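**Student:** The structure that follows is given in the form of C-alpha cells.
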Amino acid sequence: MKISDVLERKTVIPNLQSRSKPDVLRELAENLAAAHPNINDETLIEALIEREKLCSTAVDSGVAIPHAKMSGVSNIIAGFGRSIEGIDYESLDSKLTHLFIILVAPETSIGAHIQLLARISKIFKNPELRGKLMTLETPDEIYDSIIMEDARL
C-alpha cells in the first residue's frame with residue numbers, strides 16, 4: 001500500500017494553526033472528518049489521544065504520525081498537516097515537530113496499517129523531502145511532493 005492510496009489533496013493542511021499537541025490532534029482530526037463524513041471527529045480525537053498515551057507518535061526529524069483505529073471506517077485514510085513554527089509533540093529527539101501525517105484505519109486492520117506506517121516513516125526520513133515540504137505553499141504542491149516521493153520508493 002502506498003500513501004497515494006490513502007492521502008487526498010483535500011486532507012492537506014499547509015499551515016496548522018495549533019500550538020499544542022492536543023490542539024494539533026483536534027485540528028487534524030476535524031480536517032479528516034470534514035473530508036470523510038462517516039468519521040465522527042470527537043471519536044477520532046479520543047482515539048488519537050488514547051494512542052498518544054501509549055507513547056508519542058512523533059518519531060524524529062520533525063515528523064509525527066498520529067494514528068488510530070476506528071469502527072465505521074472501511075479503508076485506511078490519511079491527512080497531512082504542517083506547522084511552520086513547530087509544536088512540542090514529545091518527540092524522541094526532543095525537537096519541535098513540523099510535519100504530521102495522520103492515519104485512521106479500520107479496527108480490523110493489522111498488516112496494511114503497519115506496512116503503511118513503515119512506508120511513511122521511510123518516506124519522511126528523506127531530509128530533502130522534509131526540507132522541501134517546509135518551503136512549499138499550497139496543498140497541491142505539498143500533496144504532489146509527497147506522492148512523487150512515494151512513487152520513487
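The way I read the labels, and the way they are meant: chains A, B, ... in the order of the C-alpha cells, residue 1 as the first residue of every chain, and ligand 1 as the first ligand shown, with later ones counted on from there.
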Could you make a table, as a Markdown table, of the residues of region 2-75 of chain A that have an atom within 6 Å of an atom of region 90-109 of chain A, each with its nearest atom pair and distance in Å to one decimal, counting only C-alpha atoms, in chain and number order?
**Tutor:**
| residue | atom | partner | partner_atom | distance |
| --- | --- | --- | --- | --- |
| A:Ala58 | CA | A:Ser91 | CA | 4.6 |
| A:Val59 | CA | A:Leu92 | CA | 5.7 |
| A:Asp60 | CA | A:Asp93 | CA | 5.6 |
| A:Gly62 | CA | A:Thr97 | CA | 3.9 |
| A:Val63 | CA | A:Leu99 | CA | 4.8 |
| A:Ala64 | CA | A:Phe100 | CA | 4.9 |
| A:Ile65 | CA | A:Ile101 | CA | 4.8 |
| A:Pro66 | CA | A:Ile102 | CA | 4.9 |
| A:His67 | CA | A:Leu103 | CA | 4.6 |
| A:Ala68 | CA | A:Val104 | CA | 5.1 |
| A:Lys69 | CA | A:Ala105 | CA | 4.7 |
| A:Met70 | CA | A:Glu107 | CA | 5.1 |
| A:Ser71 | CA | A:Glu107 | CA | 5.5 |
| A:Val73 | CA | A:Pro106 | CA | 4.9 |
| A:Ser74 | CA | A:Pro106 | CA | 5.6 |
**Student:** Can those selected residues be exported to a file as an mmCIF file, in the first residue's frame so that it contains C-alpha atoms?
**Tutor:**
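Output contents, as saved in part19.cif:
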data_model
loop_
_atom_site.group_PDB
_atom_site.id
_atom_site.type_symbol
_atom_site.label_atom_id
_atom_site.label_comp_id
_atom_site.auth_asym_id
_atom_site.auth_seq_id
_atom_site.Cartn_x
_atom_site.Cartn_y
_atom_site.Cartn_z
ATOM 1 C CA ALA A 58 6.444 11.741 16.994
ATOM 2 C CA VAL A 59 9.428 9.945 15.577
ATOM 3 C CA ASP A 60 12.333 12.283 14.883
ATOM 4 C CA GLY A 62 10.314 16.963 12.993
ATOM 5 C CA VAL A 63 7.873 14.237 11.915
ATOM 6 C CA ALA A 64 4.892 12.684 13.721
ATOM 7 C CA ILE A 65 2.496 10.007 12.553
ATOM 8 C CA PRO A 66 -0.567 10.194 14.801
ATOM 9 C CA HIS A 67 -2.733 7.174 14.099
ATOM 10 C CA ALA A 68 -5.722 5.301 15.409
ATOM 11 C CA LYS A 69 -8.135 2.521 14.577
ATOM 12 C CA MET A 70 -11.873 3.172 14.494
ATOM 13 C CA SER A 71 -15.057 1.295 13.883
ATOM 14 C CA VAL A 73 -14.011 3.130 8.821
ATOM 15 C CA SER A 74 -13.824 0.721 5.888
#
**Student:** Hey, which of A:Met134, A:Ile110, A:Ile146, A:Ala35 ends up closest to Ile84 (chain A)? Count only C-alpha atoms.
**Tutor:** A:Met134
**Student:** Go through A:Arg82, A:Glu8, A:Glu46, A:Met1 and flag the residue nearest Leu136 (chain A), using only C-alpha atoms for the distances.
**Tutor:**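 Of all the options, A:Arg82 lies closest to Leu136 (chain A).
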**Student:** Can you measure CA of Leu48 (chain A) to CA of Gly86 (chain A) for me? One decimal in Å is fine.
**Tutor:**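 So the two atoms, CA of Leu48 (chain A) and CA of Gly86 (chain A), lie 19.2 Å apart.
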**Student:** Considering only C-alpha atoms, state which residue in the set A:His36, A:Ser4, A:Ile76, A:Glu27 is at the smallest distance from Gly111 (chain A).
**Tutor:**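 Residue with the minimum atom-to-atom distance to Gly111 (chain A): A:Ile76.
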**Student:** May I have all residues of chain A that DSSP, computed from the backbone, assigns to strand (DSSP E), given as a PyMOL selection string?
**Tutor:** chain A and resi 7-13+63-64+67-70+77-87+97-106
**Student:** Pull N, CA and C atoms from the residues just selected and write them as an mmCIF file, in the first residue's frame.
**Tutor:**
data_model
loop_
_atom_site.group_PDB
_atom_site.id
_atom_site.type_symbol
_atom_site.label_atom_id
_atom_site.label_comp_id
_atom_site.auth_asym_id
_atom_site.auth_seq_id
_atom_site.Cartn_x
_atom_site.Cartn_y
_atom_site.Cartn_z
ATOM 1 N N LEU A 7 -4.017 9.134 0.915
ATOM 2 C CA LEU A 7 -3.968 10.587 1.103
ATOM 3 C C LEU A 7 -4.685 11.294 -0.031
ATOM 4 N N GLU A 8 -5.466 12.308 0.321
ATOM 5 C CA GLU A 8 -6.176 13.115 -0.678
ATOM 6 C C GLU A 8 -5.740 14.579 -0.543
ATOM 7 N N ARG A 9 -5.810 15.271 -1.661
ATOM 8 C CA ARG A 9 -5.434 16.689 -1.650
ATOM 9 C C ARG A 9 -6.237 17.480 -0.612
ATOM 10 N N LYS A 10 -7.504 17.160 -0.489
ATOM 11 C CA LYS A 10 -8.372 17.929 0.406
ATOM 12 C C LYS A 10 -8.072 17.699 1.885
ATOM 13 N N THR A 11 -7.202 16.740 2.191
ATOM 14 C CA THR A 11 -6.845 16.496 3.590
ATOM 15 C C THR A 11 -5.452 17.022 3.931
ATOM 16 N N VAL A 12 -4.919 17.911 3.097
ATOM 17 C CA VAL A 12 -3.614 18.525 3.336
ATOM 18 C C VAL A 12 -3.817 19.923 3.907
ATOM 19 N N ILE A 13 -3.218 20.170 5.071
ATOM 20 C CA ILE A 13 -3.268 21.488 5.716
ATOM 21 C C ILE A 13 -1.863 22.083 5.654
ATOM 22 N N VAL A 63 8.984 14.975 12.508
ATOM 23 C CA VAL A 63 7.873 14.237 11.915
ATOM 24 C C VAL A 63 7.095 13.479 12.987
ATOM 25 N N ALA A 64 5.762 13.495 12.864
ATOM 26 C CA ALA A 64 4.892 12.684 13.721
ATOM 27 C C ALA A 64 3.871 11.976 12.850
ATOM 28 N N HIS A 67 -1.893 8.171 14.752
ATOM 29 C CA HIS A 67 -2.733 7.174 14.099
ATOM 30 C C HIS A 67 -3.645 6.508 15.108
ATOM 31 N N ALA A 68 -4.736 5.974 14.568
ATOM 32 C CA ALA A 68 -5.722 5.301 15.409
ATOM 33 C C ALA A 68 -6.536 4.347 14.556
ATOM 34 N N LYS A 69 -7.181 3.413 15.230
ATOM 35 C CA LYS A 69 -8.135 2.521 14.577
ATOM 36 C C LYS A 69 -9.525 2.894 15.065
ATOM 37 N N MET A 70 -10.498 2.796 14.150
ATOM 38 C CA MET A 70 -11.873 3.172 14.494
ATOM 39 C C MET A 70 -12.869 2.240 13.829
ATOM 40 N N ILE A 77 -7.385 5.789 5.792
ATOM 41 C CA ILE A 77 -7.401 7.134 5.233
ATOM 42 C C ILE A 77 -6.311 7.962 5.925
ATOM 43 N N ALA A 78 -5.866 8.999 5.238
ATOM 44 C CA ALA A 78 -4.770 9.798 5.775
ATOM 45 C C ALA A 78 -4.983 11.280 5.523
ATOM 46 N N GLY A 79 -4.298 12.062 6.311
ATOM 47 C CA GLY A 79 -4.249 13.501 6.131
ATOM 48 C C GLY A 79 -2.838 13.974 6.443
ATOM 49 N N PHE A 80 -2.572 15.220 6.119
ATOM 50 C CA PHE A 80 -1.246 15.788 6.350
ATOM 51 C C PHE A 80 -1.405 17.211 6.856
ATOM 52 N N GLY A 81 -0.561 17.581 7.787
ATOM 53 C CA GLY A 81 -0.533 18.953 8.270
ATOM 54 C C GLY A 81 0.897 19.409 8.504
ATOM 55 N N ARG A 82 1.127 20.699 8.301
ATOM 56 C CA ARG A 82 2.453 21.275 8.510
ATOM 57 C C ARG A 82 2.345 22.457 9.455
ATOM 58 N N SER A 83 3.232 22.479 10.434
ATOM 59 C CA SER A 83 3.352 23.607 11.349
ATOM 60 C C SER A 83 4.678 24.294 11.062
ATOM 61 N N ILE A 84 4.615 25.506 10.565
ATOM 62 C CA ILE A 84 5.838 26.251 10.260
ATOM 63 C C ILE A 84 6.631 26.506 11.543
ATOM 64 N N GLU A 85 5.950 26.929 12.587
ATOM 65 C CA GLU A 85 6.626 27.240 13.847
ATOM 66 C C GLU A 85 7.095 25.999 14.580
ATOM 67 N N GLY A 86 6.392 24.903 14.406
ATOM 68 C CA GLY A 86 6.712 23.673 15.123
ATOM 69 C C GLY A 86 5.938 23.568 16.425
ATOM 70 N N ILE A 87 5.737 22.337 16.856
ATOM 71 C CA ILE A 87 4.946 22.044 18.050
ATOM 72 C C ILE A 87 5.734 21.090 18.936
ATOM 73 N N THR A 97 8.130 19.440 16.355
ATOM 74 C CA THR A 97 7.565 18.664 15.252
ATOM 75 C C THR A 97 6.870 19.617 14.294
ATOM 76 N N HIS A 98 7.144 19.433 12.996
ATOM 77 C CA HIS A 98 6.605 20.314 11.961
ATOM 78 C C HIS A 98 5.679 19.593 10.979
ATOM 79 N N LEU A 99 5.927 18.317 10.740
ATOM 80 C CA LEU A 99 5.199 17.575 9.712
ATOM 81 C C LEU A 99 4.397 16.446 10.361
ATOM 82 N N PHE A 100 3.099 16.429 10.072
ATOM 83 C CA PHE A 100 2.193 15.470 10.694
ATOM 84 C C PHE A 100 1.441 14.688 9.619
ATOM 85 N N ILE A 101 1.507 13.379 9.698
ATOM 86 C CA ILE A 101 0.760 12.508 8.801
ATOM 87 C C ILE A 101 -0.191 11.716 9.687
ATOM 88 N N ILE A 102 -1.472 11.986 9.577
ATOM 89 C CA ILE A 102 -2.472 11.307 10.389
ATOM 90 C C ILE A 102 -3.031 10.121 9.602
ATOM 91 N N LEU A 103 -3.142 8.973 10.278
ATOM 92 C CA LEU A 103 -3.708 7.770 9.674
ATOM 93 C C LEU A 103 -4.858 7.269 10.517
ATOM 94 N N VAL A 104 -5.915 6.858 9.852
ATOM 95 C CA VAL A 104 -7.045 6.222 10.522
ATOM 96 C C VAL A 104 -7.325 4.927 9.778
ATOM 97 N N ALA A 105 -7.365 3.846 10.534
ATOM 98 C CA ALA A 105 -7.557 2.525 9.940
ATOM 99 C C ALA A 105 -8.788 1.849 10.546
ATOM 100 N N PRO A 106 -9.369 0.907 9.811
ATOM 101 C CA PRO A 106 -10.459 0.117 10.379
ATOM 102 C C PRO A 106 -9.961 -0.660 11.601
#
**Student:** Tell me which of A:Asn75, A:Asn31, A:Ser145, A:Asn126 sits closest to Ile45 (chain A), counting only C-alpha atoms.
**Tutor:** A:Asn31
**Student:** May I ask which of the residues A:Arg19, A:Glu137, A:Lys122, A:Glu52 is the closest one to Arg152 (chain A), counting only C-alpha atoms?
**Tutor:** A:Lys122
**Student:** Just checking: using only C-alpha atoms, which residue out of A:Ser20, A:Ser61, A:Pro14, A:Ser56 ends up closest to Glu141 (chain A)?
**Tutor:**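 For Glu141 (chain A), the nearest of the candidates is A:Pro14.
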**Student:** Going by DSSP on the backbone, which bits of region 31-144 of chain A are alpha helix (DSSP H)? Write them as number ranges by chain, please.
**Tutor:** A: 31-35, 41-54, 111-123, 127-133, 139-144
